[in-house]
Amino acid sequence: MAEAILGGLYQSGHPHTHLRFSEPLQERLDFMKSKYPEVMGVTDNATVVDGANIIILAVKPQVLKTVIQDLASSLHSNPTALIISIAAGIETGAMLRWINADYSVPLIRIMPNTPALIGEGAVGLFANENVTQAQKELTERLLGSVSKALSWVESEGLIDSVTGVSGSGPAYFFLIMEAMQNAGVAAGLTAEDAKSLTLQTCLGAARMAQNSDDDLVTLRRKVTSPKGTTEAGIKAMEAANVRQIMFDTVMAATNRSKELAKDLGN
């Protein structure tokens, strides 16, 4: 995800010399420096933080505490910097404790998703009370290079809900598409044709939903003729309790995000 954001900024015309990144693995660092030759890349986090206007913490939640505590003195030396965290489940309160600053830290939590890698991401955002409107707008411009949908939430707990819907959502659709492709093969199609038809159908349906003034219920009803083939398929899905399956799926991911906050926020 860090590279998705960096790559999006790099391709969108953001001044390359204004970008920096740190990467602890030398092989990966060499690759990134060759791919983004005008961007400064180092192995030391403190070097990246020094003098930065925006600091994006794009690390796994399990290591965020160590990263922040190691950077605390560097962050204290740069009190006006906006800090953005991508780490799932870690609340702003925990991060502020780890920073242990004697000033008001502007801090934003975001929950992006993997389609950001191709500029088609969806992201939820929460800002603490220290974030200015100008910093929010700057964050939107930065993330707009990799995301098509940006949603600010008023309550930090709703970031867990964003995780359950869009953060983890791409994997739900990959599974649905996998099952749809397999069903097409079982119905007699080649694997190649079943995959091609499945992917384009999902993409086309999403584009129709984005471009239509109709809500999702109306769109579904418009293509479901009485006693037709689509109605037969929809009835099979309803009989299999697809609505409850999706409800349970989103709630499970949402609750796991909350559990991460308890497990890793100390």
# chains A, B, ... in the order shown; residues from 1 in each chain; ligands from 1
call {"tool": "residues_around", "arguments": {"residues": "Ser85 (chain A)", "least_positions_apart": "5", "cutoff": "8 Å", "atoms": "only C-alpha atoms", "output": "PyMOL selection string"}}
result
chain A and resi 56-58+107-110
call {"tool": "residues_around", "arguments": {"residues": "Tyr36 (chain A)", "least_positions_apart": "2", "cutoff": "12 Å", "atoms": "only C-alpha atoms", "output": "mmCIF file with N, CA, C and O atoms, in the first residue's frame"}}
result
data_model
loop_
_atom_site.group_PDB
_atom_site.id
_atom_site.type_symbol
_atom_site.label_atom_id
_atom_site.label_comp_id
_atom_site.auth_asym_id
_atom_site.auth_seq_id
_atom_site.Cartn_x
_atom_site.Cartn_y
_atom_site.Cartn_z
ATOM 1 N N GLU A 3 3.682 1.647 -1.515
ATOM 2 C CA GLU A 3 4.125 1.887 -2.882
ATOM 3 C C GLU A 3 2.979 2.386 -3.753
ATOM 4 O O GLU A 3 3.184 3.184 -4.669
ATOM 5 N N LEU A 6 2.843 6.062 -3.032
ATOM 6 C CA LEU A 6 4.024 6.690 -3.611
ATOM 7 C C LEU A 6 3.930 6.721 -5.139
ATOM 8 O O LEU A 6 4.180 7.756 -5.769
ATOM 9 N N GLY A 7 3.551 5.590 -5.714
ATOM 10 C CA GLY A 7 3.438 5.509 -7.167
ATOM 11 C C GLY A 7 2.367 6.432 -7.708
ATOM 12 O O GLY A 7 2.543 7.063 -8.763
ATOM 13 N N GLY A 8 1.247 6.530 -6.994
ATOM 14 C CA GLY A 8 0.176 7.424 -7.429
ATOM 15 C C GLY A 8 0.620 8.876 -7.429
ATOM 16 O O GLY A 8 0.331 9.627 -8.363
ATOM 17 N N LEU A 9 1.322 9.279 -6.381
ATOM 18 C CA LEU A 9 1.832 10.651 -6.307
ATOM 19 C C LEU A 9 2.878 10.895 -7.390
ATOM 20 O O LEU A 9 2.908 11.956 -8.027
ATOM 21 N N TYR A 10 3.719 9.907 -7.605
ATOM 22 C CA TYR A 10 4.798 10.010 -8.597
ATOM 23 C C TYR A 10 4.222 10.192 -10.001
ATOM 24 O O TYR A 10 4.671 11.042 -10.769
ATOM 25 N N GLN A 11 3.183 9.406 -10.310
ATOM 26 C CA GLN A 11 2.593 9.448 -11.645
ATOM 27 C C GLN A 11 1.683 10.659 -11.851
ATOM 28 O O GLN A 11 1.464 11.088 -12.990
ATOM 29 N N PRO A 15 5.744 16.803 -7.200
ATOM 30 C CA PRO A 15 7.200 16.966 -7.352
ATOM 31 C C PRO A 15 7.975 15.790 -6.756
ATOM 32 O O PRO A 15 7.859 15.493 -5.569
ATOM 33 N N HIS A 16 8.727 15.113 -7.585
ATOM 34 C CA HIS A 16 9.398 13.890 -7.152
ATOM 35 C C HIS A 16 10.407 14.142 -6.038
ATOM 36 O O HIS A 16 10.594 13.290 -5.154
ATOM 37 N N THR A 17 11.030 15.309 -6.063
ATOM 38 C CA THR A 17 12.030 15.607 -5.038
ATOM 39 C C THR A 17 11.391 15.941 -3.692
ATOM 40 O O THR A 17 12.098 16.082 -2.696
ATOM 41 N N LEU A 19 9.201 13.891 -2.382
ATOM 42 C CA LEU A 19 8.810 12.579 -1.871
ATOM 43 C C LEU A 19 10.014 11.862 -1.267
ATOM 44 O O LEU A 19 11.132 11.979 -1.767
ATOM 45 N N ARG A 20 9.764 11.115 -0.184
ATOM 46 C CA ARG A 20 10.805 10.285 0.430
ATOM 47 C C ARG A 20 10.156 8.993 0.919
ATOM 48 O O ARG A 20 8.966 8.961 1.216
ATOM 49 N N PHE A 21 10.942 7.957 1.037
ATOM 50 C CA PHE A 21 10.438 6.723 1.628
ATOM 51 C C PHE A 21 11.578 5.998 2.330
ATOM 52 O O PHE A 21 12.760 6.204 2.021
ATOM 53 N N LEU A 29 14.660 -1.939 -1.283
ATOM 54 C CA LEU A 29 15.076 -0.549 -1.396
ATOM 55 C C LEU A 29 15.708 -0.278 -2.765
ATOM 56 O O LEU A 29 15.392 0.714 -3.418
ATOM 57 N N ASP A 30 16.582 -1.170 -3.195
ATOM 58 C CA ASP A 30 17.236 -1.009 -4.496
ATOM 59 C C ASP A 30 16.208 -1.013 -5.627
ATOM 60 O O ASP A 30 16.307 -0.236 -6.579
ATOM 61 N N PHE A 31 15.217 -1.909 -5.516
ATOM 62 C CA PHE A 31 14.162 -1.974 -6.531
ATOM 63 C C PHE A 31 13.375 -0.668 -6.581
ATOM 64 O O PHE A 31 13.123 -0.117 -7.666
ATOM 65 N N MET A 32 12.986 -0.163 -5.411
ATOM 66 C CA MET A 32 12.192 1.058 -5.348
ATOM 67 C C MET A 32 12.975 2.257 -5.877
ATOM 68 O O MET A 32 12.436 3.105 -6.596
ATOM 69 N N LYS A 33 14.249 2.326 -5.565
ATOM 70 C CA LYS A 33 15.072 3.453 -6.032
ATOM 71 C C LYS A 33 15.261 3.414 -7.545
ATOM 72 O O LYS A 33 15.345 4.454 -8.195
ATOM 73 N N SER A 34 15.314 2.208 -8.095
ATOM 74 C CA SER A 34 15.426 2.107 -9.557
ATOM 75 C C SER A 34 14.106 2.452 -10.237
ATOM 76 O O SER A 34 14.090 2.996 -11.350
ATOM 77 N N GLU A 38 14.061 9.580 -8.882
ATOM 78 C CA GLU A 38 14.188 10.945 -8.373
ATOM 79 C C GLU A 38 13.699 11.080 -6.933
ATOM 80 O O GLU A 38 13.746 12.172 -6.359
ATOM 81 N N VAL A 39 13.231 9.973 -6.355
ATOM 82 C CA VAL A 39 12.710 9.980 -4.986
ATOM 83 C C VAL A 39 13.787 9.459 -4.038
ATOM 84 O O VAL A 39 14.420 8.440 -4.298
ATOM 85 N N MET A 40 13.977 10.156 -2.939
ATOM 86 C CA MET A 40 14.969 9.728 -1.963
ATOM 87 C C MET A 40 14.473 8.506 -1.201
ATOM 88 O O MET A 40 13.389 8.534 -0.606
ATOM 89 N N GLY A 41 15.245 7.439 -1.219
ATOM 90 C CA GLY A 41 14.925 6.234 -0.484
ATOM 91 C C GLY A 41 16.061 5.860 0.446
ATOM 92 O O GLY A 41 17.228 5.865 0.032
#
call {"tool": "closest_residue", "arguments": {"among": "A:Ala183, A:Leu216, A:Glu140, A:Met177", "to": "Leu199 (chain A)", "atoms": "only C-alpha atoms"}}
result
A:Met177
call {"tool": "closest_residue", "arguments": {"among": "A:Gly51, A:Ala122, A:Asn130, A:Asp213", "to": "Tyr103 (chain A)", "atoms": "only C-alpha atoms"}}
result
A:Asn130
call {"tool": "select_by_dssp", "arguments": {"residues": "region 94-254 of chain A", "states": "strand (DSSP E or B)", "output": "PyMOL selection string"}}
result
chain A and resi 107-111+121-127+147-152
call {"tool": "residues_around", "arguments": {"residues": "Val49 (chain A)", "least_positions_apart": "2", "cutoff": "9 Å", "atoms": "only C-alpha atoms", "output": "list in words"}}
result
Arg20, Asn45, Ala46, Thr47, Gly51, Ala52, Asn53, Ile54, Ile55, Leu71, Ser74, Leu75, Asn78 and Ala81 of chain A
call {"tool": "write_last_selection", "arguments": {"atoms": "N, CA and C atoms", "output": "PDB file, in the first residue's frame"}}
result
ATOM      1  N   ARG A  20       9.764  11.115  -0.184  1.00  0.00           N
ATOM      2  CA  ARG A  20      10.805  10.285   0.430  1.00  0.00           C
ATOM      3  C   ARG A  20      10.156   8.993   0.919  1.00  0.00           C
ATOM      4  N   ASN A  45      14.130   5.465   9.126  1.00  0.00           N
ATOM      5  CA  ASN A  45      12.871   6.206   9.207  1.00  0.00           C
ATOM      6  C   ASN A  45      13.074   7.656   9.618  1.00  0.00           C
ATOM      7  N   ALA A  46      13.997   7.906  10.534  1.00  0.00           N
ATOM      8  CA  ALA A  46      14.201   9.258  11.054  1.00  0.00           C
ATOM      9  C   ALA A  46      14.611  10.221   9.946  1.00  0.00           C
ATOM     10  N   THR A  47      15.386   9.747   8.987  1.00  0.00           N
ATOM     11  CA  THR A  47      15.812  10.595   7.871  1.00  0.00           C
ATOM     12  C   THR A  47      14.623  11.037   7.044  1.00  0.00           C
ATOM     13  N   GLY A  51      11.882  17.125   8.838  1.00  0.00           N
ATOM     14  CA  GLY A  51      11.413  18.245   8.033  1.00  0.00           C
ATOM     15  C   GLY A  51      10.216  17.973   7.153  1.00  0.00           C
ATOM     16  N   ALA A  52       9.627  16.792   7.252  1.00  0.00           N
ATOM     17  CA  ALA A  52       8.495  16.445   6.375  1.00  0.00           C
ATOM     18  C   ALA A  52       7.227  17.185   6.793  1.00  0.00           C
ATOM     19  N   ASN A  53       6.409  17.557   5.816  1.00  0.00           N
ATOM     20  CA  ASN A  53       5.108  18.157   6.099  1.00  0.00           C
ATOM     21  C   ASN A  53       4.053  17.104   6.419  1.00  0.00           C
ATOM     22  N   ILE A  54       4.163  15.966   5.747  1.00  0.00           N
ATOM     23  CA  ILE A  54       3.235  14.852   5.960  1.00  0.00           C
ATOM     24  C   ILE A  54       4.045  13.580   6.134  1.00  0.00           C
ATOM     25  N   ILE A  55       3.685  12.806   7.149  1.00  0.00           N
ATOM     26  CA  ILE A  55       4.364  11.541   7.424  1.00  0.00           C
ATOM     27  C   ILE A  55       3.327  10.431   7.344  1.00  0.00           C
ATOM     28  N   LEU A  71      10.618   6.547  16.580  1.00  0.00           N
ATOM     29  CA  LEU A  71      10.599   7.831  15.879  1.00  0.00           C
ATOM     30  C   LEU A  71      10.196   8.997  16.778  1.00  0.00           C
ATOM     31  N   SER A  74      12.207  12.199  16.820  1.00  0.00           N
ATOM     32  CA  SER A  74      12.174  12.853  15.509  1.00  0.00           C
ATOM     33  C   SER A  74      10.841  13.548  15.281  1.00  0.00           C
ATOM     34  N   LEU A  75       9.772  12.918  15.727  1.00  0.00           N
ATOM     35  CA  LEU A  75       8.452  13.530  15.588  1.00  0.00           C
ATOM     36  C   LEU A  75       8.345  14.772  16.469  1.00  0.00           C
ATOM     37  N   ASN A  78       9.537  17.816  14.901  1.00  0.00           N
ATOM     38  CA  ASN A  78       8.770  18.259  13.735  1.00  0.00           C
ATOM     39  C   ASN A  78       7.291  18.332  14.111  1.00  0.00           C
ATOM     40  N   ALA A  81       4.085  18.571  11.628  1.00  0.00           N
ATOM     41  CA  ALA A  81       3.858  17.552  10.597  1.00  0.00           C
ATOM     42  C   ALA A  81       2.533  16.831  10.824  1.00  0.00           C
TER      43      ALA A  81
END
call {"tool": "select_by_dssp", "arguments": {"residues": "region 7-245 of chain A", "states": "helix (DSSP H, G or I)", "output": "PyMOL selection string"}}
result
chain A and resi 7-11+16-18+26-35+45-49+61-76+92-99+114-118+133-143+158-167+169-186+191-211+216-222+229-239+242-245
call {"tool": "closest_residue", "arguments": {"among": "A:Ala253, A:Val105, A:Ala186, A:Leu219", "to": "Gly89 (chain A)", "atoms": "only C-alpha atoms"}}
result
A:Ala253
call {"tool": "residues_around", "arguments": {"residues": "Val250 (chain A)", "least_positions_apart": "3", "cutoff": "6 Å", "atoms": "only C-alpha atoms", "output": "JSON list (two decimals) with N, CA and C atoms, in the first residue's frame"}}
result
[["chain", "number", "residue", "atom", "x", "y", "z"],
["A", 164, "GLY", "N", -14.54, -3.37, 7.42],
["A", 164, "GLY", "CA", -15.42, -4.50, 7.12],
["A", 164, "GLY", "C", -16.04, -4.44, 5.75],
["A", 165, "VAL", "N", -16.28, -3.22, 5.24],
["A", 165, "VAL", "CA", -16.93, -3.08, 3.93],
["A", 165, "VAL", "C", -15.91, -2.97, 2.80],
["A", 247, "PHE", "N", -23.89, -10.11, 5.49],
["A", 247, "PHE", "CA", -23.95, -9.44, 6.80],
["A", 247, "PHE", "C", -22.91, -10.04, 7.74],
["A", 253, "ALA", "N", -15.31, -9.10, 9.80],
["A", 253, "ALA", "CA", -14.14, -8.28, 9.54],
["A", 253, "ALA", "C", -14.14, -7.03, 10.42]]
call {"tool": "closest_residue", "arguments": {"among": "A:Val242, A:Val123, A:Ala232, A:Val63", "to": "Gly169 (chain A)", "atoms": "only C-alpha atoms"}}
result
A:Val123
call {"tool": "residues_around", "arguments": {"residues": "Pro170 (chain A)", "least_positions_apart": "3", "cutoff": "9 Å", "atoms": "only C-alpha atoms", "output": "PyMOL selection string"}}
result
chain A and resi 113-115+165-167+173-175
call {"tool": "closest_residue", "arguments": {"among": "A:Val42, A:Ala205, A:Leu143, A:Ile176", "to": "Glu23 (chain A)", "atoms": "only C-alpha atoms"}}
result
A:Val42
call {"tool": "closest_residue", "arguments": {"among": "A:Pro106, A:Pro61, A:Pro79, A:Gly121", "to": "Glu91 (chain A)", "atoms": "only C-alpha atoms"}}
result
A:Pro61
